[in-house]
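Structure first, commentary second.
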Amino acid sequence: MSNIILIQHCQSEHHLNNMSGGWTDTPLTEAGKGQAKKIGEKLKEFVEKNACVLYSSDLLRAFQTADIVGAELKLDVIQEKGLREINSGVAAGKTKDWARANRNPRAKSEFDLDYREFQSGETWREFYSRVSNCMDRICELENEKSILIVTHGGTLGYILAWWLKFEPEMIVNAYFSSSAGGVTVLSQNSFQQNVVNKFNDTSHLEY
């Protein structure tokens, strides 16, 4: 594995129509489709010089982003359910107002790794374990290539935590906030240290 390039999916309808995130499955907006094309253009030179593979969450907003990026880069998209956002259980497909009114009560005010926000959903610990296992599996399979991954904000943050070898309890005190269409680049240096070369680069969206 040469590099890991993380792409947060582009603007989705749930960003605009008061729908909840998580496993709510909404498509890209027209603006989001334009953002995805710009990401593909941005990465074209890198992909031309490196052997690359493109993975994506199978949720629609991520897969549509990856499909547009892949068309620009002439890469097929490998869908991976393990790259989904946190499982929002019964809140999937519901509005943000419904989600706020129907989330499980919190036992404490601080961040709780074992809090299950919604019935049938994941705890944060379970989410981190799922993302970490998924990344271990992908990296073992693609260890000779650079890996492009289109995913979600929460998942991207936990991929960073996995890359930096966080124990689950360390997540309690850290949060990586990225934005729609942001690009993050990870690599290893000559000391075999895991490096964050670039985080949440959105310069390609500014023109």
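Going by the structure tokens order, chains are called A, B, ..., each with residues numbered from 1, while ligands are numbered from 1 in the order shown.
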message: Please list as a ChimeraX atom specification every residue within 10 Å of segment 195-206 of chain A, counting only C-alpha atoms and excluding residues in the same chain fewer than 6 positions away.
response: /A:3-8,34-43,156,160,163-164,176-189
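For Tyr175 of chain A, the list of residues within 9 Å, based on only C-alpha atoms and with local chain neighbours fewer than 3 positions off taken out, reads Gly157, Tyr158, Ala161, Ile171 and Val172 of chain A.
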message: Can you pull out the residues contacting Ala99 of chain A? Cut-off 10 Å, using only C-alpha atoms, and skip same-chain residues under 4 positions away; I want them as JSON, numbers by chain.
response: {"A": [19, 20, 21, 88, 90, 91, 92, 93, 94, 95, 103, 104, 117, 118]}
Include N, CA, C and O atoms and write out the residues we just selected as a compact mmCIF listing (two decimals), in the first residue's frame.
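Saved the output as part.txt:
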# COMPACT_ATOMS: atom_id res chain seq x y z
N MET A 19 -33.42 15.51 6.46
CA MET A 19 -33.37 14.09 6.74
C MET A 19 -32.15 13.77 7.60
O MET A 19 -31.13 14.47 7.52
N SER A 20 -32.26 12.73 8.41
CA SER A 20 -31.14 12.30 9.24
C SER A 20 -30.07 11.67 8.36
O SER A 20 -30.31 11.31 7.20
N GLY A 21 -28.86 11.52 8.92
CA GLY A 21 -27.77 10.89 8.20
C GLY A 21 -27.71 9.40 8.51
O GLY A 21 -28.72 8.70 8.44
N SER A 88 -27.65 3.88 12.04
CA SER A 88 -28.60 4.69 12.79
C SER A 88 -29.89 3.95 13.11
O SER A 88 -30.87 4.56 13.56
N VAL A 90 -33.30 2.46 13.83
CA VAL A 90 -34.67 2.85 13.50
C VAL A 90 -34.77 4.28 12.98
O VAL A 90 -35.81 4.67 12.44
N ALA A 91 -33.71 5.08 13.10
CA ALA A 91 -33.73 6.46 12.60
C ALA A 91 -33.45 6.55 11.11
O ALA A 91 -33.66 7.61 10.51
N ALA A 92 -32.98 5.47 10.50
CA ALA A 92 -32.72 5.48 9.06
C ALA A 92 -34.01 5.79 8.30
O ALA A 92 -35.05 5.18 8.54
N GLY A 93 -33.92 6.75 7.40
CA GLY A 93 -35.09 7.15 6.62
C GLY A 93 -36.00 8.14 7.31
O GLY A 93 -37.03 8.55 6.75
N LYS A 94 -35.61 8.57 8.52
CA LYS A 94 -36.45 9.50 9.28
C LYS A 94 -35.84 10.92 9.23
O LYS A 94 -34.68 11.11 8.89
N THR A 95 -36.64 11.89 9.61
CA THR A 95 -36.17 13.27 9.66
C THR A 95 -35.28 13.51 10.88
O THR A 95 -35.30 12.72 11.84
N ARG A 103 -34.38 9.38 20.04
CA ARG A 103 -33.11 8.75 20.41
C ARG A 103 -33.19 8.22 21.84
O ARG A 103 -33.98 8.71 22.66
N ASN A 104 -32.37 7.23 22.13
CA ASN A 104 -32.33 6.68 23.48
C ASN A 104 -31.76 7.71 24.46
O ASN A 104 -30.87 8.49 24.10
N GLU A 117 -27.37 5.17 20.27
CA GLU A 117 -28.28 6.30 20.13
C GLU A 117 -29.68 5.86 19.71
O GLU A 117 -30.69 6.41 20.17
N PHE A 118 -29.73 4.86 18.83
CA PHE A 118 -31.03 4.41 18.32
C PHE A 118 -31.17 2.90 18.42
O PHE A 118 -30.20 2.17 18.22
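What separates atom CA of Trp124 of chain A from atom CA of Glu167 of chain A is a distance of 12.6 Å.
Using only C-alpha atoms for every distance, the candidate list A:Arg125, A:Gln119, A:Glu142, A:Ala174 yields A:Gln119 as the residue closest to Pro105 of chain A.
Proximity ranking of A:Arg84, A:Trp98, A:Thr26, A:Lys44 relative to Gly70 of chain A places A:Lys44 first, based on only C-alpha atoms.
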message: For a test of reading the model, state the distance in Å between atom CA of Arg61 of chain A and atom CA of Pro27 of chain A, rounded to one decimal.
response: 4.8 Å
field: For segment 81-83 of chain A: contacts at 7 Å, only C-alpha atoms, fewer than 6 positions along chain excluded, given as a ChimeraX atom specification
entry: /A:56-58,130-131,134,151,155
message: One number please: atom CA of Phe46 of chain A to atom CA of Leu28 of chain A, in Å, one decimal.
response: 25.0 Å
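Nearest-residue note for Ala51 of chain A: choosing from A:Val150, A:Leu113, A:Leu73, A:Ile138, the minimum distance belongs to A:Leu73, counting only C-alpha atoms.
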message: Just list as a ChimeraX atom specification whatever in segment 104-161 of chain A DSSP marks as helix (DSSP H, G or I).
response: /A:124-141,153-161
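Nearest-residue note for Thr65 of chain A: choosing from A:Asp112, A:Ile149, A:Lys96, A:Cys139, the minimum distance belongs to A:Ile149, counting only C-alpha atoms.
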message: Residues of segment 17-140 of chain A classed as strand (DSSP E) by DSSP on the backbone are to be reported as a ChimeraX atom specification.
response: /A:52-56,77-79
Please save C-alpha atoms of the selected residues as a PDB file, in the first residue's frame.
ATOM      1  CA  CYS A  52      -4.727   2.602  -7.663  1.00  0.00           C
ATOM      2  CA  VAL A  53      -7.925   0.907  -6.578  1.00  0.00           C
ATOM      3  CA  LEU A  54     -11.201   2.653  -5.684  1.00  0.00           C
ATOM      4  CA  TYR A  55     -13.434   1.558  -2.795  1.00  0.00           C
ATOM      5  CA  SER A  56     -16.716   3.070  -1.652  1.00  0.00           C
ATOM      6  CA  VAL A  77     -15.777   1.075  -7.923  1.00  0.00           C
ATOM      7  CA  ILE A  78     -15.604  -1.718  -5.334  1.00  0.00           C
ATOM      8  CA  GLN A  79     -18.541  -1.377  -2.945  1.00  0.00           C
TER       9      GLN A  79
END
